[in-house]
Number of protein chains: 2
Amino acid sequence: MSNAMRGKITIKQVAEASGVAPSTVSNALTGKGYVAPETRSRVLETAENLGYRASSLARSLRLQRTWSVGLLLADVSNPFFPAVVRGIEDVLWRRQYNLVLCNTDYNKEKEAAYLRHLLDKQLDGLILASTASDSDDVLELQARGVPFVMLNRRHVSAKTNYVGMDNAGGVGKAIEHLLTLGHRRIAFIKGRADSSAAKERFQGYRAALREAGIRFDPALVAQGDYTIESGHAAAAGFLQLARLPTAIVSANDFMAFGAMARFKAQGIRVPDDVSVIGFDDIFVSALPWIELTTVRPQSWQLGASAAQLLLEQIGRRGRTRPREIILENELILRATTGPARTTG
Amino acid sequence: MSNAMRGKITIKQVAEASGVAPSTVSNALTGKGYVAPETRSRVLETAENLGYRASSLARSLRLQRTWSVGLLLADVSNPFFPAVVRGIEDVLWRRQYNLVLCNTDYNKEKEAAYLRHLLDKQLDGLILASTASDSDDVLELQARGVPFVMLNRRHVSAKTNYVGMDNAGGVGKAIEHLLTLGHRRIAFIKGRADSSAAKERFQGYRAALREAGIRFDPALVAQGDYTIESGHAAAAGFLQLARLPTAIVSANDFMAFGAMARFKAQGIRVPDDVSVIGFDDIFVSALPWIELTTVRPQSWQLGASAAQLLLEQIGRRGRTRPREIILENELILRATTGPARTTG
DNA sequence: TTGTAGGCGTTATCAG
DNA sequence: CTGATAACGCCTACAA
């Protein structure tokens, strides 16, 4: 298309039709330069009549801005992301920006390729939600002065714009709740090792135990990878222990599902025999068959804040000190937590 | 950024640095014109050294192509879409195209505004997955010769490129299964009235009954809107009947969940008292607490096919007869269907 | 084989 | 207040 996609009418034709110069048409349309009210209205009218639409492409080339931003994320199919994407897109929409979506599958080459591609297209800014925390690309973006915001994954060393959630605090709330229910043997299922968020959640677990004066027991920690299967495996591991923990906190809901499924298969009741708390509150967790107690991040807001921060940076041409925005999480109490079993 | 985002190096500088004319650089880089092997390699090298990257913007303006396509859908947060989006994006990625994501929320104004915006940006093509089936915009796109593909929603009158699934056939499979289980009183929960897919599913229901020689009973049909709540309400309606239907087919999984939740609250067992079949097979449906028998569309493939078809159209500059691609669905047997209760 | 000139459609600058 | 001119960065006839 392209040829066909636009009405084919250029500013020159409008100029000719209204008997003025192209630059005057531009001035009239953008409202920037001085232009006599009557010529102005005449120009506007003929533009309207001809169905003139300015070419974003030409304007972008001239102005060196594209009013588009790129989003790099691991995979939209991951149920954590859609709400975040909506948050981003809703904010961009209000400001007339477009969103270019890129799935990287946590694949470094793919990510790098996308990045090059997007840079070539001169997008006005980037939101990085999948970047490996030690990526050099991030450093280069920063060196180049490209406006960008990291979302939910922090870079190990570089101080960048960052929007995330209080992961440690979220787990803290979960454990606090369990403590009030009398739990002391609290297990934890960790998330992907390469995720800063997963690390923070685990740290939150350790910190909360420490604060409660409970000794850390490595046997009560399982390594997962955010999949249902890994939660299943983790639960299987706990079942090998001499005594089952009375409660389990999982770094995400999926693994909590897996664990619960494993327990169910074993005839172990939740929450009577063991309490379970997840993290993410994906919509499934609210269904009556599940009713998972879980930590709810402000997903939409996460995206919205990232987009807002990015637009700010773009406005200031990227020359500001990096900012961090950390959003609080809420503990949603449902049916998978109960008083600790008073076993021996 | 923009200024900063690209390395700031233009084709002229490469030309100067390698002692040739810009056009020669262009020829060398694109490999189109004739250029002596040695100058060619020299040019390539200096380009590499300088870190030259061609400006997509300038190229797009010149070539009138953007290597970007737009996707209009209702809402990425709707669990049906992410897999479709992935399918689209995976195909585009291979061909070096970018995807611009637009959520329309089924809002006509928003959709129209997005459309204008995207047309101004001269995207190479469009995938429409949310357009109201009677939208005039579609007709205009067609008149203008803009390459586009309708996804999962058909236009009432216009003959367009279309990728969809065999909705009627999917429901047919569901009902066939129920028939073999001995069901005769089969209810149906309809989807949004403005969706062609919803209509087709309902038609599939009627057709299947007719074929089985079962008389259509309006009392066994409830109008839903694809939400859990509406499924809940539909089940509540069925509970008012003198006799409960022995099976229910729902136009999507969500409404099936709602219905099951309502039954559960009432102490009615699935599938012992009533069988339930959904449509979509969102991942939740497979969880051990739910195990919903449901019709599974080829979601990823749906997106992939749409993208492929679109790219074809773009290649042929949109001047081909509209094509239709209809994908088959698979009935996934799980735990919510069983033999019909042999009540009086 | 290489270089020159023009144009893709805008907008900014600066004379008039 | 308006209009000519140049420039954004690239590609492509056509000329040399």
# chains A, B, ... in the order shown; residues from 1 in each chain; ligands from 1
>>> residues_around(residues="DC14 in chain D", least_positions_apart="6", cutoff="12 Å", atoms="only C-alpha atoms (C1' of nucleotides)", output="compact mmCIF listing (two decimals) with C-alpha atoms (C1' of nucleotides), in the first residue's frame")
# COMPACT_ATOMS: atom_id res chain seq x y z
C1' DG C 3 29.01 10.45 -9.74
C1' DT C 4 25.26 14.00 -10.17
C1' DA C 5 20.72 15.51 -9.55
C1' DG C 6 16.26 15.10 -8.09
>>> select_by_dssp(residues="range 27-151 of chain A", states="strand (DSSP E or B)", output="list in words")
Ser68, Val69, Gly70, Leu71, Leu72, Leu73, Asn98, Leu99, Val100, Leu101, Cys102, Asn103, Gly125, Leu126, Ile127, Leu128, Phe148, Val149, Met150 and Leu151 of chain A
>>> write_last_selection(atoms="N, CA and C atoms", output="mmCIF file, in the first residue's frame")
data_model
loop_
_atom_site.group_PDB
_atom_site.id
_atom_site.type_symbol
_atom_site.label_atom_id
_atom_site.label_comp_id
_atom_site.auth_asym_id
_atom_site.auth_seq_id
_atom_site.Cartn_x
_atom_site.Cartn_y
_atom_site.Cartn_z
ATOM 1 N N SER A 68 6.658 6.945 18.482
ATOM 2 C CA SER A 68 6.486 5.507 18.690
ATOM 3 C C SER A 68 7.483 5.061 19.749
ATOM 4 N N VAL A 69 7.074 4.144 20.576
ATOM 5 C CA VAL A 69 8.031 3.571 21.517
ATOM 6 C C VAL A 69 7.997 2.057 21.399
ATOM 7 N N GLY A 70 9.101 1.446 21.718
ATOM 8 C CA GLY A 70 9.210 0.001 21.613
ATOM 9 C C GLY A 70 9.101 -0.657 22.976
ATOM 10 N N LEU A 71 8.495 -1.814 22.993
ATOM 11 C CA LEU A 71 8.427 -2.588 24.229
ATOM 12 C C LEU A 71 9.059 -3.944 23.994
ATOM 13 N N LEU A 72 10.098 -4.231 24.752
ATOM 14 C CA LEU A 72 10.717 -5.554 24.674
ATOM 15 C C LEU A 72 10.292 -6.347 25.891
ATOM 16 N N LEU A 73 9.573 -7.430 25.664
ATOM 17 C CA LEU A 73 9.221 -8.281 26.785
ATOM 18 C C LEU A 73 9.470 -9.728 26.399
ATOM 19 N N ASN A 98 2.526 5.477 19.606
ATOM 20 C CA ASN A 98 2.260 4.089 19.239
ATOM 21 C C ASN A 98 3.227 3.152 19.934
ATOM 22 N N LEU A 99 2.775 1.917 20.059
ATOM 23 C CA LEU A 99 3.588 0.920 20.744
ATOM 24 C C LEU A 99 4.013 -0.183 19.784
ATOM 25 N N VAL A 100 5.295 -0.430 19.726
ATOM 26 C CA VAL A 100 5.805 -1.532 18.912
ATOM 27 C C VAL A 100 6.159 -2.679 19.849
ATOM 28 N N LEU A 101 5.496 -3.798 19.630
ATOM 29 C CA LEU A 101 5.632 -4.921 20.556
ATOM 30 C C LEU A 101 6.651 -5.939 20.079
ATOM 31 N N CYS A 102 7.555 -6.328 20.950
ATOM 32 C CA CYS A 102 8.595 -7.289 20.579
ATOM 33 C C CYS A 102 8.734 -8.375 21.640
ATOM 34 N N ASN A 103 8.536 -9.603 21.230
ATOM 35 C CA ASN A 103 8.722 -10.740 22.139
ATOM 36 C C ASN A 103 10.127 -11.281 22.000
ATOM 37 N N GLY A 125 11.690 6.042 22.194
ATOM 38 C CA GLY A 125 12.096 5.500 23.476
ATOM 39 C C GLY A 125 11.763 4.024 23.580
ATOM 40 N N LEU A 126 12.250 3.418 24.657
ATOM 41 C CA LEU A 126 12.133 1.971 24.799
ATOM 42 C C LEU A 126 11.714 1.601 26.222
ATOM 43 N N ILE A 127 10.925 0.554 26.312
ATOM 44 C CA ILE A 127 10.645 -0.031 27.621
ATOM 45 C C ILE A 127 11.178 -1.451 27.599
ATOM 46 N N LEU A 128 12.051 -1.741 28.526
ATOM 47 C CA LEU A 128 12.698 -3.049 28.531
ATOM 48 C C LEU A 128 12.167 -3.886 29.679
ATOM 49 N N PHE A 148 15.069 5.331 27.899
ATOM 50 C CA PHE A 148 14.487 4.003 28.108
ATOM 51 C C PHE A 148 14.190 3.782 29.581
ATOM 52 N N VAL A 149 13.301 2.843 29.818
ATOM 53 C CA VAL A 149 12.897 2.511 31.179
ATOM 54 C C VAL A 149 12.960 1.006 31.339
ATOM 55 N N MET A 150 13.549 0.557 32.404
ATOM 56 C CA MET A 150 13.555 -0.872 32.665
ATOM 57 C C MET A 150 12.325 -1.200 33.503
ATOM 58 N N LEU A 151 11.700 -2.294 33.143
ATOM 59 C CA LEU A 151 10.450 -2.641 33.808
ATOM 60 C C LEU A 151 10.584 -3.988 34.497
#
>>> interface_residues(of="chain D", to="chain B", cutoff="7 Å", atoms="only C-alpha atoms (C1' of nucleotides)", output="list in words")
DG9, DC10 and DC11 of chain D
>>> write_last_selection(atoms="C-alpha atoms (C1' of nucleotides)", output="mmCIF file, in the first residue's frame")
data_model
loop_
_atom_site.group_PDB
_atom_site.id
_atom_site.type_symbol
_atom_site.label_atom_id
_atom_site.label_comp_id
_atom_site.auth_asym_id
_atom_site.auth_seq_id
_atom_site.Cartn_x
_atom_site.Cartn_y
_atom_site.Cartn_z
ATOM 1 C "C1'" DG D 9 18.744 10.785 4.906
ATOM 2 C "C1'" DC D 10 18.038 7.839 1.509
ATOM 3 C "C1'" DC D 11 17.480 5.718 -3.310
#
>>> closest_atom_pairs(of="chain C", to="chain B", cutoff="10 Å", atoms="only C-alpha atoms (C1' of nucleotides)", output="JSON lines")
{"residue": "C:DT1", "atom": "C1'", "partner": "B:Val35", "partner_atom": "CA", "distance": 6.0}
{"residue": "C:DT2", "atom": "C1'", "partner": "B:Thr24", "partner_atom": "CA", "distance": 6.9}
{"residue": "C:DG3", "atom": "C1'", "partner": "B:Ala21", "partner_atom": "CA", "distance": 6.2}
{"residue": "C:DT4", "atom": "C1'", "partner": "B:Ala21", "partner_atom": "CA", "distance": 9.2}
{"residue": "C:DG7", "atom": "C1'", "partner": "B:Arg62", "partner_atom": "CA", "distance": 8.3}
{"residue": "C:DC8", "atom": "C1'", "partner": "B:Arg62", "partner_atom": "CA", "distance": 4.5}
{"residue": "C:DG9", "atom": "C1'", "partner": "B:Leu61", "partner_atom": "CA", "distance": 8.0}
>>> interface_residues(of="chain B", to="chain A", cutoff="8 Å", atoms="only C-alpha atoms", output="tab-separated table (two decimals) with C-alpha atoms, in the first residue's frame")
chain	number	residue	atom	x	y	z
B	1	MET	CA	16.54	10.75	21.42
B	2	SER	CA	16.18	10.24	17.78
B	3	ASN	CA	19.17	12.50	17.54
B	4	ALA	CA	21.03	10.27	19.85
B	5	MET	CA	19.34	7.02	19.06
B	6	ARG	CA	21.06	6.51	15.79
B	7	GLY	CA	24.78	6.79	15.65
B	53	ARG	CA	23.27	2.27	10.19
B	54	ALA	CA	20.89	3.33	7.49
B	55	SER	CA	17.97	5.41	8.68
B	56	SER	CA	14.78	3.41	8.30
B	57	LEU	CA	12.90	6.64	8.34
B	58	ALA	CA	14.62	8.11	5.31
B	60	SER	CA	10.74	4.50	4.27
B	61	LEU	CA	10.04	7.96	3.00
B	64	GLN	CA	7.14	4.37	0.63
B	65	ARG	CA	7.26	1.28	2.78
B	75	ASP	CA	-7.86	-6.06	24.50
B	76	VAL	CA	-4.64	-7.99	24.95
B	77	SER	CA	-5.73	-8.77	28.45
B	79	PRO	CA	-6.74	-14.44	27.41
B	82	PRO	CA	-1.96	-13.36	23.60
B	83	ALA	CA	-1.35	-16.60	21.72
B	85	VAL	CA	-0.52	-12.04	18.98
B	86	ARG	CA	2.43	-14.34	19.39
B	89	GLU	CA	4.58	-11.50	15.85
B	98	ASN	CA	7.45	-4.77	13.26
B	99	LEU	CA	4.10	-4.95	14.96
B	100	VAL	CA	2.22	-1.94	16.25
B	101	LEU	CA	-0.25	-2.99	18.90
B	102	CYS	CA	-3.54	-1.16	19.40
B	103	ASN	CA	-6.22	-1.96	21.95
B	119	LEU	CA	-2.83	5.24	8.02
B	120	ASP	CA	-0.96	8.49	8.57
B	121	LYS	CA	2.05	6.47	9.55
B	122	GLN	CA	1.78	4.55	6.32
B	123	LEU	CA	2.01	1.13	7.86
B	124	ASP	CA	2.36	-1.52	5.20
B	125	GLY	CA	-0.72	-3.37	6.30
B	141	LEU	CA	-9.70	0.46	3.58
B	144	ARG	CA	-8.17	2.57	-0.83
B	145	GLY	CA	-6.38	-0.66	-1.55
B	146	VAL	CA	-4.79	-0.92	1.85
B	147	PRO	CA	-3.63	-4.48	2.49
B	261	ALA	CA	-19.34	-21.85	39.68
B	284	VAL	CA	-6.76	-22.32	32.94
B	288	PRO	CA	-6.68	-30.00	37.74
B	289	TRP	CA	-9.40	-28.13	39.61
B	290	ILE	CA	-11.22	-27.36	36.44
B	314	ILE	CA	1.67	-6.56	0.84
B	317	ARG	CA	0.59	-4.56	-3.34
B	318	GLY	CA	-2.86	-5.58	-2.28
>>> residues_around(residues="Val249 in chain A", least_positions_apart="4", cutoff="7 Å", atoms="only C-alpha atoms (C1' of nucleotides)", output="PDB file with C-alpha atoms, in the first residue's frame")
ATOM      1  CA  ALA A 187       8.858 -23.046  52.823  1.00  0.00           C
ATOM      2  CA  PHE A 188       9.643 -21.012  49.727  1.00  0.00           C
ATOM      3  CA  ILE A 189       9.653 -21.777  46.009  1.00  0.00           C
ATOM      4  CA  VAL A 276      -0.164 -21.827  50.232  1.00  0.00           C
ATOM      5  CA  ILE A 277       0.449 -18.272  49.106  1.00  0.00           C
ATOM      6  CA  GLY A 278       1.263 -17.209  45.574  1.00  0.00           C
TER       7      GLY A 278
END
>>> decode(residues="chain D", atoms="N, CA and C atoms (P, O5', C5', C4', C3', O3' and C1' of nucleotides)", output="mmCIF file, in the first residue's frame")
data_model
loop_
_atom_site.group_PDB
_atom_site.id
_atom_site.type_symbol
_atom_site.label_atom_id
_atom_site.label_comp_id
_atom_site.auth_asym_id
_atom_site.auth_seq_id
_atom_site.Cartn_x
_atom_site.Cartn_y
_atom_site.Cartn_z
ATOM 1 P P DC D 1 -1.017 39.298 11.452
ATOM 2 O "O5'" DC D 1 -0.332 38.862 10.113
ATOM 3 C "C5'" DC D 1 -1.145 38.597 8.998
ATOM 4 C "C4'" DC D 1 -0.265 38.403 7.812
ATOM 5 C "C3'" DC D 1 -0.177 36.955 7.330
ATOM 6 O "O3'" DC D 1 -0.790 36.911 6.043
ATOM 7 C "C1'" DC D 1 1.927 38.073 7.225
ATOM 8 P P DT D 2 -1.161 35.529 5.396
ATOM 9 O "O5'" DT D 2 0.101 35.286 4.480
ATOM 10 C "C5'" DT D 2 0.279 36.101 3.319
ATOM 11 C "C4'" DT D 2 1.610 35.770 2.690
ATOM 12 C "C3'" DT D 2 1.752 34.338 2.209
ATOM 13 O "O3'" DT D 2 1.810 34.370 0.797
ATOM 14 C "C1'" DT D 2 3.727 35.132 3.278
ATOM 15 P P DG D 3 1.847 33.031 -0.033
ATOM 16 O "O5'" DG D 3 3.407 32.937 -0.343
ATOM 17 C "C5'" DG D 3 4.035 34.034 -0.963
ATOM 18 C "C4'" DG D 3 5.511 33.721 -1.164
ATOM 19 C "C3'" DG D 3 5.782 32.331 -1.746
ATOM 20 O "O3'" DG D 3 6.859 32.450 -2.657
ATOM 21 C "C1'" DG D 3 6.893 32.556 0.327
ATOM 22 P P DA D 4 7.006 31.401 -3.823
ATOM 23 O "O5'" DA D 4 8.585 31.155 -3.844
ATOM 24 C "C5'" DA D 4 9.459 32.241 -4.031
ATOM 25 C "C4'" DA D 4 10.766 31.994 -3.300
ATOM 26 C "C3'" DA D 4 11.530 30.749 -3.759
ATOM 27 O "O3'" DA D 4 12.861 31.136 -4.010
ATOM 28 C "C1'" DA D 4 11.253 30.731 -1.397
ATOM 29 P P DT D 5 13.901 30.062 -4.580
ATOM 30 O "O5'" DT D 5 14.476 29.438 -3.242
ATOM 31 C "C5'" DT D 5 15.058 30.307 -2.271
ATOM 32 C "C4'" DT D 5 15.710 29.474 -1.194
ATOM 33 C "C3'" DT D 5 16.311 28.155 -1.695
ATOM 34 O "O3'" DT D 5 17.591 28.017 -1.125
ATOM 35 C "C1'" DT D 5 14.846 27.743 0.112
ATOM 36 P P DA D 6 18.561 26.864 -1.627
ATOM 37 O "O5'" DA D 6 18.828 26.103 -0.248
ATOM 38 C "C5'" DA D 6 18.969 26.865 0.949
ATOM 39 C "C4'" DA D 6 18.778 25.952 2.140
ATOM 40 C "C3'" DA D 6 19.444 24.579 2.004
ATOM 41 O "O3'" DA D 6 20.054 24.271 3.235
ATOM 42 C "C1'" DA D 6 17.157 24.298 2.477
ATOM 43 P P DA D 7 21.215 23.188 3.247
ATOM 44 O "O5'" DA D 7 20.623 22.091 4.230
ATOM 45 C "C5'" DA D 7 20.077 22.492 5.475
ATOM 46 C "C4'" DA D 7 19.140 21.410 5.949
ATOM 47 C "C3'" DA D 7 19.664 19.985 5.704
ATOM 48 O "O3'" DA D 7 19.749 19.307 6.930
ATOM 49 C "C1'" DA D 7 17.413 20.216 5.003
ATOM 50 P P DC D 8 20.658 17.981 6.984
ATOM 51 O "O5'" DC D 8 19.774 16.943 7.789
ATOM 52 C "C5'" DC D 8 18.813 17.290 8.765
ATOM 53 C "C4'" DC D 8 17.697 16.276 8.726
ATOM 54 C "C3'" DC D 8 18.113 14.919 8.162
ATOM 55 O "O3'" DC D 8 18.516 14.076 9.233
ATOM 56 C "C1'" DC D 8 15.969 15.652 7.312
ATOM 57 P P DG D 9 19.979 13.454 9.236
ATOM 58 O "O5'" DG D 9 19.891 12.294 8.154
ATOM 59 C "C5'" DG D 9 19.074 11.167 8.433
ATOM 60 C "C4'" DG D 9 18.923 10.363 7.173
ATOM 61 C "C3'" DG D 9 20.232 9.917 6.522
ATOM 62 O "O3'" DG D 9 20.212 8.509 6.496
ATOM 63 C "C1'" DG D 9 18.744 10.785 4.906
ATOM 64 P P DC D 10 21.226 7.621 5.723
ATOM 65 O "O5'" DC D 10 20.434 7.228 4.413
ATOM 66 C "C5'" DC D 10 19.300 6.367 4.533
ATOM 67 C "C4'" DC D 10 18.471 6.449 3.282
ATOM 68 C "C3'" DC D 10 19.069 5.738 2.080
ATOM 69 O "O3'" DC D 10 18.459 4.464 1.998
ATOM 70 C "C1'" DC D 10 18.038 7.839 1.509
ATOM 71 P P DC D 11 19.043 3.411 0.965
ATOM 72 O "O5'" DC D 11 18.347 3.836 -0.416
ATOM 73 C "C5'" DC D 11 16.964 3.600 -0.563
ATOM 74 C "C4'" DC D 11 16.522 4.131 -1.907
ATOM 75 C "C3'" DC D 11 17.113 3.390 -3.103
ATOM 76 O "O3'" DC D 11 16.027 3.158 -3.986
ATOM 77 C "C1'" DC D 11 17.480 5.718 -3.310
ATOM 78 P P DT D 12 16.230 2.024 -5.121
ATOM 79 O "O5'" DT D 12 16.065 2.859 -6.462
ATOM 80 C "C5'" DT D 12 15.171 3.964 -6.517
ATOM 81 C "C4'" DT D 12 15.433 4.722 -7.798
ATOM 82 C "C3'" DT D 12 16.096 3.915 -8.905
ATOM 83 O "O3'" DT D 12 15.621 4.420 -10.137
ATOM 84 C "C1'" DT D 12 17.443 5.734 -8.375
ATOM 85 P P DA D 13 14.891 3.392 -11.195
ATOM 86 O "O5'" DA D 13 15.497 3.501 -12.656
ATOM 87 C "C5'" DA D 13 16.500 4.411 -12.873
ATOM 88 C "C4'" DA D 13 15.934 5.748 -13.391
ATOM 89 C "C3'" DA D 13 16.466 6.078 -14.763
ATOM 90 O "O3'" DA D 13 15.643 6.991 -15.453
ATOM 91 C "C1'" DA D 13 17.606 7.328 -13.074
ATOM 92 P P DC D 14 15.848 7.073 -17.048
ATOM 93 O "O5'" DC D 14 17.164 7.964 -17.150
ATOM 94 C "C5'" DC D 14 17.151 9.267 -16.562
ATOM 95 C "C4'" DC D 14 18.559 9.811 -16.524
ATOM 96 C "C3'" DC D 14 19.360 9.576 -17.825
ATOM 97 O "O3'" DC D 14 19.867 10.820 -18.249
ATOM 98 C "C1'" DC D 14 20.632 8.996 -15.921
ATOM 99 P P DA D 15 20.586 10.916 -19.652
ATOM 100 O "O5'" DA D 15 21.945 11.615 -19.219
ATOM 101 C "C5'" DA D 15 21.925 12.575 -18.167
ATOM 102 C "C4'" DA D 15 23.334 12.772 -17.645
ATOM 103 C "C3'" DA D 15 24.394 12.861 -18.743
ATOM 104 O "O3'" DA D 15 25.313 13.884 -18.412
ATOM 105 C "C1'" DA D 15 24.897 11.062 -17.284
ATOM 106 P P DA D 16 26.467 14.284 -19.422
ATOM 107 O "O5'" DA D 16 27.745 13.584 -18.799
ATOM 108 C "C5'" DA D 16 28.237 14.020 -17.523
ATOM 109 C "C4'" DA D 16 29.334 13.088 -17.089
ATOM 110 C "C3'" DA D 16 30.487 12.968 -18.099
ATOM 111 O "O3'" DA D 16 31.699 13.288 -17.449
ATOM 112 C "C1'" DA D 16 29.778 10.839 -17.345
#
